[in-house]
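Q: Take a look at run_23.txt, compact mmCIF, C-alpha atoms:
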# COMPACT_ATOMS: atom_id res chain seq x y z
CA MET A 211 0.00 0.00 0.00
CA THR A 212 1.22 3.53 -0.76
CA ALA A 213 2.55 5.31 2.30
CA LYS A 214 0.28 7.92 3.86
CA TYR A 215 2.76 10.41 5.27
CA TYR A 216 1.64 13.13 7.66
CA ILE A 217 3.73 15.53 9.69
CA GLY A 218 2.92 16.52 13.27
CA LEU A 219 4.24 19.75 14.80
CA MET A 220 4.12 20.41 18.53
CA SER A 221 5.36 23.29 20.68
CA GLY A 222 4.19 23.05 24.24
CA THR A 223 3.98 25.14 27.41
CA SER A 224 7.71 24.80 28.05
CA MET A 225 8.50 26.52 24.73
CA ASP A 226 11.88 24.74 24.65
CA GLY A 227 11.64 23.78 20.99
CA ILE A 228 9.45 22.49 18.20
CA ASP A 229 8.98 18.74 17.86
CA ALA A 230 8.37 17.53 14.31
CA VAL A 231 7.53 13.97 13.30
CA LEU A 232 6.97 12.20 10.00
CA VAL A 233 4.35 9.48 10.42
CA ASP A 234 3.10 6.76 8.09
CA PHE A 235 -0.57 5.87 8.70
CA SER A 236 -0.93 3.30 5.90
CA ASP A 237 -2.52 -0.08 6.74
CA ASP A 238 -4.28 1.64 9.68
CA LYS A 239 -1.04 1.48 11.64
CA ILE A 240 1.07 4.24 13.16
CA LYS A 241 4.69 4.13 12.11
CA LEU A 242 7.10 6.86 13.14
CA ILE A 243 9.41 7.36 10.16
CA GLU A 244 11.57 10.22 11.42
CA SER A 245 11.72 12.85 14.16
CA TYR A 246 13.37 16.23 14.46
CA THR A 247 13.61 19.00 17.04
CA GLN A 248 14.01 22.64 16.07
CA ALA A 249 15.53 24.68 18.89
CA MET A 250 13.73 27.83 20.01
CA PRO A 251 16.00 30.88 19.57
CA SER A 252 16.43 32.85 22.80
CA HIS A 253 15.04 36.08 21.32
CA LEU A 254 11.89 34.29 20.15
CA LEU A 255 11.50 32.53 23.51
CA SER A 256 11.70 35.80 25.41
CA GLY A 257 9.20 37.41 23.03
CA LEU A 258 6.76 34.55 23.55
CA GLN A 259 7.18 34.59 27.31
CA ARG A 260 6.39 38.32 27.34
CA LEU A 261 3.36 37.78 25.09
CA CYS A 262 1.99 35.19 27.50
CA GLN A 263 1.44 38.03 29.99
CA SER A 264 -0.67 41.10 29.45
CA GLY A 265 1.33 44.12 28.33
CA SER A 266 1.53 47.06 25.95
CA ASP A 267 1.39 46.81 22.15
CA GLU A 268 0.15 43.21 22.34
CA ILE A 269 -1.53 43.09 18.93
CA ASN A 270 1.56 44.23 17.01
CA ARG A 271 3.82 41.91 18.98
CA MET A 272 1.45 39.00 18.46
CA GLY A 273 1.19 39.67 14.73
CA THR A 274 4.97 39.66 14.35
CA LEU A 275 5.44 36.57 16.53
CA ASP A 276 2.66 34.77 14.66
CA ARG A 277 4.77 34.97 11.49
CA SER A 278 8.11 34.36 13.25
CA VAL A 279 6.85 31.22 14.97
CA ALA A 280 5.39 30.00 11.66
CA LYS A 281 8.77 30.44 9.94
CA LEU A 282 10.38 28.37 12.70
CA PHE A 283 7.69 25.69 12.32
CA ALA A 284 8.43 25.62 8.58
CA GLN A 285 12.16 25.26 9.31
CA ALA A 286 11.31 22.26 11.50
CA VAL A 287 9.32 20.66 8.66
CA ASN A 288 12.06 21.22 6.09
CA GLY A 289 14.72 19.96 8.49
CA LEU A 290 12.63 16.86 9.18
CA LEU A 291 12.13 16.08 5.47
CA GLN A 292 15.83 16.57 4.74
CA LYS A 293 16.75 14.23 7.60
CA ALA A 294 14.23 11.63 6.40
CA GLY A 295 15.16 11.93 2.72
CA VAL A 296 11.47 12.35 1.85
CA ALA A 297 10.13 14.79 -0.74
CA LYS A 298 7.41 17.26 0.22
CA GLU A 299 5.16 15.76 -2.48
CA GLN A 300 4.98 12.54 -0.45
CA VAL A 301 3.37 14.33 2.52
CA ILE A 302 -0.42 14.64 2.52
CA ALA A 303 -0.64 17.31 5.22
CA ILE A 304 0.97 18.91 8.25
CA GLY A 305 -0.90 18.93 11.55
CA SER A 306 0.29 22.00 13.48
CA HIS A 307 -0.62 22.57 17.09
CA GLY A 308 0.80 26.09 17.09
CA GLN A 309 2.20 27.87 20.12
CA THR A 310 -0.33 28.60 22.85
CA VAL A 311 -0.07 32.17 24.13
CA ARG A 312 -3.44 32.30 25.95
CA HIS A 313 -5.74 29.57 27.21
CA MET A 314 -8.79 31.08 28.96
CA PRO A 315 -11.70 28.65 28.43
CA ASN A 316 -13.51 29.52 31.68
CA LEU A 317 -14.23 33.17 30.96
CA GLU A 318 -17.82 34.16 30.16
CA MET A 319 -16.63 34.28 26.55
CA GLY A 320 -13.96 31.60 26.77
CA PHE A 321 -11.16 31.40 24.25
CA THR A 322 -7.84 29.76 23.44
CA LEU A 323 -5.19 31.21 21.18
CA GLN A 324 -2.37 29.43 19.35
CA ILE A 325 -0.05 31.35 17.03
CA GLY A 326 2.19 30.20 14.17
CA ASP A 327 0.41 31.32 10.98
CA PRO A 328 -0.60 28.15 9.06
CA ASN A 329 -0.59 30.06 5.74
CA THR A 330 3.08 30.90 6.22
CA ILE A 331 3.91 27.28 7.08
CA ALA A 332 2.08 26.08 3.96
CA ILE A 333 3.86 28.56 1.66
CA LEU A 334 7.34 27.94 3.07
CA THR A 335 7.02 24.13 2.97
CA GLY A 336 4.81 23.61 -0.09
CA ILE A 337 2.61 21.28 1.98
CA ASP A 338 -1.05 21.68 2.98
CA VAL A 339 -1.50 22.54 6.66
CA ILE A 340 -4.27 21.67 9.09
CA ALA A 341 -4.22 23.80 12.23
CA ASP A 342 -6.41 25.62 14.76
CA PHE A 343 -7.59 22.37 16.34
CA ARG A 344 -8.82 23.76 19.64
CA ARG A 345 -11.27 26.55 18.82
CA LYS A 346 -14.07 24.38 17.37
CA ASP A 347 -14.25 22.56 20.70
CA ILE A 348 -14.34 25.93 22.52
CA ALA A 349 -17.17 27.07 20.22
CA LEU A 350 -19.09 23.95 21.26
CA GLY A 351 -18.79 24.93 24.92
CA GLY A 352 -15.73 22.78 25.63
CA GLN A 353 -12.36 23.51 27.17
CA GLY A 354 -10.51 23.01 23.88
CA ALA A 355 -8.16 20.77 25.85
CA PRO A 356 -6.84 18.25 26.33
CA LEU A 357 -7.17 16.91 22.78
CA VAL A 358 -4.72 14.02 22.99
CA PRO A 359 -7.04 11.63 24.92
CA ALA A 360 -8.82 10.69 21.65
CA PHE A 361 -5.43 9.72 20.21
CA HIS A 362 -4.54 7.85 23.40
CA GLN A 363 -7.79 5.91 23.15
CA HIS A 364 -7.13 5.05 19.51
CA SER A 365 -3.51 4.02 20.08
CA PHE A 366 -3.29 2.58 23.60
CA ALA A 367 -6.68 1.32 24.79
CA LYS A 368 -6.87 -2.43 25.45
CA THR A 369 -10.00 -4.34 26.41
CA GLY A 370 -9.78 -5.68 29.95
CA CYS A 371 -6.86 -3.40 30.92
CA ARG A 372 -7.15 -0.26 33.02
CA ARG A 373 -4.59 2.12 31.60
CA MET A 374 -3.52 5.67 32.42
CA ILE A 375 -1.63 7.69 29.84
CA LEU A 376 0.15 10.52 31.61
CA ASN A 377 1.66 13.29 29.52
CA ILE A 378 4.03 15.49 31.51
CA GLY A 379 5.02 18.60 29.60
CA GLY A 380 4.88 22.09 31.08
CA ILE A 381 1.38 21.08 32.23
CA SER A 382 0.53 17.45 32.94
CA ASN A 383 -2.59 15.74 31.65
CA ILE A 384 -4.09 12.35 32.31
CA THR A 385 -6.13 10.03 30.11
CA TYR A 386 -7.91 7.15 31.83
CA LEU A 387 -8.69 4.23 29.53
CA PRO A 388 -10.98 1.99 31.61
CA GLY A 389 -10.69 -1.04 29.32
CA ASP A 390 -14.45 -1.51 28.94
CA ALA A 391 -17.37 0.37 27.42
CA SER A 392 -17.07 3.21 29.95
CA GLU A 393 -16.28 6.67 28.66
CA VAL A 394 -12.68 7.76 28.48
CA ILE A 395 -11.77 10.36 31.11
CA GLY A 396 -9.12 12.99 30.51
CA PHE A 397 -8.10 16.37 31.92
CA ASP A 398 -5.20 18.66 32.78
CA ASN A 399 -4.32 17.79 36.34
CA GLY A 400 -1.88 20.64 37.05
CA PRO A 401 1.73 21.76 36.70
CA GLY A 402 4.11 19.28 35.14
CA ASN A 403 7.55 20.75 34.50
CA THR A 404 6.59 24.42 34.26
CA LEU A 405 7.23 25.42 37.90
CA LEU A 406 10.28 23.18 38.18
CA ASP A 407 11.77 24.81 35.08
CA ALA A 408 10.86 28.32 36.27
CA TRP A 409 12.51 27.86 39.66
CA ILE A 410 15.78 26.34 38.43
CA ARG A 411 15.98 28.99 35.71
CA GLN A 412 15.51 31.73 38.33
CA VAL A 413 18.02 30.34 40.82
CA LYS A 414 20.66 28.59 38.70
CA GLY A 415 20.11 29.82 35.15
CA ASP A 416 19.49 26.27 33.90
CA ASN A 417 16.59 25.51 31.58
CA PHE A 418 15.57 22.33 33.42
CA ASP A 419 16.55 20.05 36.31
CA ASP A 420 18.41 17.23 34.55
CA ASN A 421 16.94 13.91 35.72
CA GLY A 422 15.60 15.68 38.82
CA GLN A 423 19.06 15.74 40.42
CA TRP A 424 18.66 19.13 42.08
CA ALA A 425 15.25 18.17 43.46
CA ALA A 426 16.75 14.90 44.75
CA SER A 427 19.40 16.89 46.67
CA GLY A 428 16.71 18.79 48.57
CA LYS A 429 14.13 17.88 51.19
CA THR A 430 10.42 18.46 50.64
CA ASP A 431 8.72 20.91 53.00
CA HIS A 432 5.33 19.37 53.69
CA LYS A 433 3.79 22.59 54.96
CA LEU A 434 4.55 24.32 51.63
CA LEU A 435 3.41 21.25 49.72
CA GLU A 436 0.05 21.16 51.53
CA HIS A 437 -0.32 24.92 51.01
CA MET A 438 0.14 24.58 47.24
CA LEU A 439 -2.07 21.49 46.98
CA SER A 440 -4.90 23.41 48.70
CA HIS A 441 -5.34 25.51 45.56
CA SER A 442 -8.88 25.17 44.22
CA TYR A 443 -7.77 23.88 40.80
CA PHE A 444 -6.69 20.54 42.27
CA SER A 445 -10.15 19.84 43.70
CA LEU A 446 -12.02 21.09 40.63
CA ALA A 447 -14.07 18.42 38.88
CA ALA A 448 -13.34 17.50 35.26
CA PRO A 449 -13.68 18.59 32.53
CA LYS A 450 -10.92 21.07 33.28
CA SER A 451 -7.82 22.46 31.65
CA THR A 452 -5.12 24.86 32.70
CA GLY A 453 -1.88 26.46 31.56
CA ARG A 454 0.78 29.02 32.39
CA GLU A 455 -2.02 31.58 32.82
CA LEU A 456 -2.42 30.02 36.30
CA PHE A 457 0.72 28.04 37.11
CA ASN A 458 3.46 30.57 36.42
CA GLN A 459 6.28 32.55 38.02
CA ALA A 460 3.88 34.94 39.73
CA TRP A 461 1.88 32.04 41.24
CA LEU A 462 5.11 30.43 42.43
CA GLU A 463 6.28 33.66 44.09
CA GLN A 464 2.89 34.07 45.76
CA GLN A 465 2.87 30.50 47.09
CA THR A 466 6.42 30.65 48.45
CA ALA A 467 6.17 34.18 49.91
CA ASP A 468 5.98 32.92 53.52
CA PHE A 469 8.65 30.26 53.03
CA GLY A 470 11.73 32.41 52.41
CA TYR A 471 13.62 30.46 55.08
CA LEU A 472 13.69 27.32 52.92
CA ASP A 473 16.78 26.18 51.08
CA GLU A 474 16.49 26.63 47.30
CA ALA A 475 16.93 22.89 46.65
CA ASP A 476 14.18 22.16 49.21
CA ILE A 477 11.78 24.34 47.19
CA GLN A 478 12.72 22.41 44.04
CA SER A 479 12.04 19.12 45.82
CA THR A 480 8.70 20.45 47.05
CA LEU A 481 7.74 21.57 43.54
CA LEU A 482 8.56 18.12 42.21
CA ASP A 483 6.35 16.60 44.89
CA LEU A 484 3.58 19.04 43.93
CA THR A 485 3.68 17.58 40.42
CA CYS A 486 3.82 13.99 41.69
CA HIS A 487 1.19 14.31 44.45
CA SER A 488 -1.31 16.13 42.23
CA ILE A 489 -0.93 13.38 39.61
CA ALA A 490 -1.14 10.54 42.14
CA ASN A 491 -4.18 12.06 43.88
CA ASP A 492 -6.04 12.28 40.57
CA CYS A 493 -5.06 8.75 39.55
CA LEU A 494 -6.30 7.29 42.83
CA LYS A 495 -9.63 9.12 42.52
CA LEU A 496 -10.16 7.27 39.25
CA THR A 497 -8.93 3.78 40.20
CA GLN A 498 -6.78 2.17 42.88
CA SER A 499 -4.72 0.17 40.39
CA ALA A 500 -3.82 0.48 36.72
CA GLU A 501 -1.03 0.43 34.20
CA LEU A 502 0.47 3.94 34.07
CA TYR A 503 2.40 4.98 30.96
CA VAL A 504 4.28 8.28 31.10
CA CYS A 505 5.14 10.36 28.04
CA GLY A 506 6.41 13.90 27.46
CA GLY A 507 9.53 15.45 28.95
CA GLY A 508 8.67 14.23 32.44
CA ALA A 509 9.20 10.64 31.30
CA PHE A 510 12.95 11.37 31.28
CA ASN A 511 13.05 12.70 34.85
CA GLY A 512 14.19 9.68 36.87
CA GLU A 513 13.50 11.30 40.25
CA LEU A 514 9.94 12.17 39.16
CA ILE A 515 9.25 8.60 38.03
CA LYS A 516 10.73 7.23 41.27
CA ARG A 517 8.52 9.44 43.46
CA LEU A 518 5.44 8.77 41.38
CA ASP A 519 6.04 5.03 41.62
CA ALA A 520 6.29 5.30 45.42
CA LEU A 521 2.98 7.20 45.62
CA LEU A 522 1.17 4.62 43.47
CA PRO A 523 2.22 1.23 44.91
CA ASN A 524 -0.60 -0.68 43.15
CA TYR A 525 0.19 0.86 39.76
CA ALA A 526 2.63 -0.48 37.20
CA VAL A 527 4.54 2.71 36.31
CA THR A 528 6.56 2.82 33.10
CA THR A 529 6.76 4.93 29.93
CA SER A 530 4.92 4.78 26.61
CA ALA A 531 8.02 3.13 25.12
CA THR A 532 6.64 -0.10 26.63
CA LEU A 533 3.68 0.31 24.27
CA GLY A 534 5.96 0.90 21.30
CA MET A 535 5.84 4.71 21.15
CA ASP A 536 8.79 6.88 22.15
CA PRO A 537 7.59 9.14 25.01
CA LYS A 538 9.33 12.18 23.51
CA TRP A 539 7.22 12.12 20.34
CA VAL A 540 3.72 11.07 21.49
CA GLU A 541 2.16 14.54 21.37
CA ALA A 542 3.64 15.43 17.99
CA ILE A 543 2.40 12.10 16.59
CA ALA A 544 -1.03 12.94 18.04
CA PHE A 545 -1.22 16.12 15.94
CA ALA A 546 -0.24 14.22 12.81
CA TRP A 547 -3.14 11.89 13.67
CA LEU A 548 -5.49 14.84 14.21
CA ALA A 549 -4.58 16.06 10.71
CA LEU A 550 -5.36 12.60 9.35
CA ARG A 551 -8.74 12.63 11.09
CA HIS A 552 -9.53 16.04 9.59
CA LYS A 553 -8.66 14.84 6.08
CA GLN A 554 -10.87 11.80 6.60
CA GLY A 555 -13.76 13.96 7.87
CA LEU A 556 -13.75 12.13 11.20
CA THR A 557 -14.36 13.58 14.66
CA SER A 558 -11.48 13.82 17.11
CA ASN A 559 -12.72 15.47 20.30
CA LEU A 560 -14.21 13.58 23.24
CA PRO A 561 -17.06 15.58 24.83
CA ALA A 562 -16.67 13.64 28.09
CA VAL A 563 -13.10 14.97 28.25
CA THR A 564 -13.45 18.56 27.02
CA GLY A 565 -17.05 19.29 27.96
CA ALA A 566 -18.06 20.14 24.38
CA SER A 567 -21.74 19.73 23.50
CA ARG A 568 -20.96 17.20 20.75
CA GLU A 569 -18.22 15.48 18.79
CA ALA A 570 -16.74 17.46 15.91
CA VAL A 571 -14.19 17.40 13.11
CA LEU A 572 -11.40 19.61 14.46
CA GLY A 573 -9.00 21.89 12.65
CA ALA A 574 -9.02 24.19 9.64
CA TYR A 575 -7.45 23.56 6.23
CA TYR A 576 -4.78 25.83 4.75
CA PRO A 577 -3.71 24.71 1.25
CA ALA A 578 -0.21 25.35 -0.04
CA ALA A 579 -1.48 25.99 -3.57
Do you think you could lay out the structure here as structure tokens?
A:
Amino acid sequence: MTAKYYIGLMSGTSMDGIDAVLVDFSDDKIKLIESYTQAMPSHLLSGLQRLCQSGSDEINRMGTLDRSVAKLFAQAVNGLLQKAGVAKEQVIAIGSHGQTVRHMPNLEMGFTLQIGDPNTIAILTGIDVIADFRRKDIALGGQGAPLVPAFHQHSFAKTGCRRMILNIGGISNITYLPGDASEVIGFDNGPGNTLLDAWIRQVKGDNFDDNGQWAASGKTDHKLLEHMLSHSYFSLAAPKSTGRELFNQAWLEQQTADFGYLDEADIQSTLLDLTCHSIANDCLKLTQSAELYVCGGGAFNGELIKRLDALLPNYAVTTSATLGMDPKWVEAIAFAWLALRHKQGLTSNLPAVTGASREAVLGAYYPAA
């Protein structure tokens, strides 16, 4: 059968780079052909971080960044194709998540905003683009997130097996696959790496805590941990989604204001436990035992996995690699799959997860021609 190549592009809350994957969906199977990461230039990162907070001249800055991010996405596509030795004519479409700069679904007029102009990507790559996946779900009264649970269900569900798919990026999200006819449950459960990255960047100038070593050198302060876990988001019922609009540097400073006596490494350890405890609490509300598969950047944090495993003694904790999918590329592959679903005219949101009033075909089509 002729290969059905799609490209998935993902840039998450951490904004540390653009993940690009080339995926073959022929024979109704998912085969990762090649992967590529495009680094985020420091000037673009700082511009995006500023845009994520309210400020002056936002519209002009957003318009410029919309094009700049798109050019970087196009570079990622062209770098991927060169690495794979595949011509652009062999690719049916690109599924682009875009870069989220606002996610405010709970306002009276809720919205979500991802930039990275799909027209620019299409022109600079010569490949049709499908993008803007979240706003249809918002229009239907949903959260617009998380969208990956439908992909998790398609790829990882197994009859008779209770499975959790845990994606830990800047924000962590959980998909519960009950293994029977019950509805899939999925939601953003809270901060993944975003606070950990913010704190180590502030104190040490590092972009992330490699393998959780700095957190491992500290001692968790349980008073601070309980204080942070008392935030209303953690007790909020699903469907729910969140982002750096809530869990950000300002929130971190507010939460730690009365804990200035703590050692810096102790705060890092406490932040890691915030991630782990919020995940474990949500898992145990859903089921006392399951197979837990971790993907995203958090899958490569050994200290995080160790603590999570200790909090979930009746869970089998491992990564999505056990299921045959590299944890680094799961989300990017999901957006290639969402592009495939759009081309096939098939729905890809789960109303039980997002809160939308009905299922819908997600995304908008931007031809290269």
Q: Name the closest residue to Leu435 of chain A among the candidates A:Gln309, A:Thr322, A:Thr480, A:Thr532; distances are taken between atoms, counting only C-alpha atoms.
A: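 Using only C-alpha atoms, the shortest distance to Leu435 of chain A belongs to A:Thr480.
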Q: Of the candidates A:Met272, A:Leu560, A:Leu521, A:Val504, which one gets nearest to Asp483 of chain A if we count all atoms listed in the file?
A: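 Distance minimum relative to Asp483 of chain A lands on A:Leu521.
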Q: Could you please determine the separation between atom CA of Thr529 of chain A and atom CA of Tyr503 of chain A in Å, to one decimal place?
A: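 A separation of 4.5 Å between them.
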Q: Could you pull the residues within 12 Å of Ala460 of chain A, counting only C-alpha atoms, minus those fewer than 4 positions along the same chain, as a PyMOL selection string?
A: chain A and resi 263+405+408-409+454-456+464-467
Q: Quick one: of A:Lys368, A:Pro561, A:Phe235, A:His487, who's nearest to His432 of chain A, counting all atoms listed in the file?
A: A:His487
Q: Taking only C-alpha atoms into account, name the residue in A:Ile477, A:Ile243, A:Ile228, A:Leu518 that is nearest to Leu494 of chain A.
A: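 The shortest atom-to-atom distance to Leu494 of chain A comes from A:Leu518.
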Q: Kindly indicate which residue among A:Gly470, A:Gly257, A:Gly326, A:Gly320 lies nearest to Arg277 of chain A, using all atoms listed in the file for the distances.
A: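 The answer is A:Gly326, which sits nearest to Arg277 of chain A.
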Q: So which residues touch Ala546 of chain A within 9 Å, counting only C-alpha atoms, skipping near sequence neighbours fewer than 6 positions away, as a PyMOL selection string?
A: chain A and resi 215-219+231-233+303-306
Q: Can you tell me, as a VMD selection string, which residues sit within 7 Å of (1.0, 16.0, 40.3) in the file's frame, using only C-alpha atoms?
A: chain A and resid 399 to 402 484 to 490
Q: For a test of reading the model, state the distance in Å between atom CA of Lys281 of chain A and atom CA of Gln300 of chain A, rounded to one decimal.
A: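 Answer for the atom CA of Lys281 of chain A to atom CA of Gln300 of chain A separation: 21.0 Å.
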Q: Can you list, as a ChimeraX atom specification, every protein, DNA or RNA residue that comes within 8 Å of Asn403 of chain A when you count only C-alpha atoms, leaving out same-chain residues fewer than 3 positions away?
A: /A:224,378-382,406-407,485,507-508
Q: Grab the atom CA of Ala578 of chain A to atom CA of Pro328 of chain A distance for me, in Å with one decimal place.
A: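 Pair atom CA of Ala578 of chain A / atom CA of Pro328 of chain A returns 9.5 Å.
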Q: Restricting the calculation to all atoms listed in the file: of A:Thr310, A:Leu357, A:Leu275, A:Leu514, which residue gets closest to Leu572 of chain A?
A: A:Leu357
Q: Find the spatial neighbours of Thr452 of chain A, counting only C-alpha atoms, within a cut-off of 10 Å - ignore same-chain residues fewer than 5 positions away - and output them as a PyMOL selection string.
A: chain A and resi 313-316+353+355-356+381-383+397-401+443+457
Q: So that I can check the surroundings of Trp424 of chain A, please list as a list in words every protein, DNA and RNA residue that reaches within 9 Å of it, counting all atoms listed in the file and ignoring chain neighbours fewer than 6 positions away.
A: Ile410, Ala475, Asp476, Gln478 and Ser479 of chain A
Q: Got a sec to check which residues sit within 9 Å of (-10.7, 8.7, 18.6), counting only C-alpha atoms, and write them as number ranges by chain?
A: A: 359-365, 551, 556-560
Q: Kindly write N, CA and C atoms of segment 225-244 of chain A from the structure just given to a file, as a CSV table (one decimal), in the first residue's frame.
A:
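File produced: selection38.csv:
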chain,number,residue,atom,x,y,z
A,225,MET,N,7.9,25.7,25.8
A,225,MET,CA,8.5,26.5,24.7
A,225,MET,C,10.0,26.3,24.5
A,226,ASP,N,10.4,25.0,24.8
A,226,ASP,CA,11.9,24.7,24.7
A,226,ASP,C,12.3,24.3,23.2
A,227,GLY,N,11.3,24.2,22.4
A,227,GLY,CA,11.6,23.8,21.0
A,227,GLY,C,10.4,23.2,20.3
A,228,ILE,N,10.5,23.0,19.0
A,228,ILE,CA,9.4,22.5,18.2
A,228,ILE,C,9.8,21.0,17.8
A,229,ASP,N,8.9,20.2,18.2
A,229,ASP,CA,9.0,18.7,17.9
A,229,ASP,C,8.3,18.5,16.5
A,230,ALA,N,9.0,17.9,15.6
A,230,ALA,CA,8.4,17.5,14.3
A,230,ALA,C,8.5,16.0,14.1
A,231,VAL,N,7.5,15.4,13.6
A,231,VAL,CA,7.5,14.0,13.3
A,231,VAL,C,6.9,13.7,11.9
A,232,LEU,N,7.5,12.7,11.3
A,232,LEU,CA,7.0,12.2,10.0
A,232,LEU,C,6.4,10.8,10.3
A,233,VAL,N,5.1,10.7,10.0
A,233,VAL,CA,4.4,9.5,10.4
A,233,VAL,C,3.7,8.9,9.2
A,234,ASP,N,3.8,7.5,9.1
A,234,ASP,CA,3.1,6.8,8.1
A,234,ASP,C,1.9,6.1,8.7
A,235,PHE,N,0.7,6.4,8.2
A,235,PHE,CA,-0.6,5.9,8.7
A,235,PHE,C,-1.2,4.8,7.8
A,236,SER,N,-0.4,4.3,6.8
A,236,SER,CA,-0.9,3.3,5.9
A,236,SER,C,-1.2,2.0,6.7
A,237,ASP,N,-2.1,1.2,6.1
A,237,ASP,CA,-2.5,-0.1,6.7
A,237,ASP,C,-3.1,0.1,8.1
A,238,ASP,N,-3.7,1.3,8.4
A,238,ASP,CA,-4.3,1.6,9.7
A,238,ASP,C,-3.3,1.4,10.9
A,239,LYS,N,-2.0,1.6,10.6
A,239,LYS,CA,-1.0,1.5,11.6
A,239,LYS,C,-0.3,2.8,11.8
A,240,ILE,N,0.3,3.0,12.9
A,240,ILE,CA,1.1,4.2,13.2
A,240,ILE,C,2.5,3.9,13.2
A,241,LYS,N,3.3,4.4,12.2
A,241,LYS,CA,4.7,4.1,12.1
A,241,LYS,C,5.5,5.4,12.1
A,242,LEU,N,6.3,5.7,13.1
A,242,LEU,CA,7.1,6.9,13.1
A,242,LEU,C,8.3,6.7,12.2
A,243,ILE,N,8.3,7.5,11.2
A,243,ILE,CA,9.4,7.4,10.2
A,243,ILE,C,10.6,8.1,10.6
A,244,GLU,N,10.4,9.4,11.0
A,244,GLU,CA,11.6,10.2,11.4
A,244,GLU,C,11.1,11.3,12.4
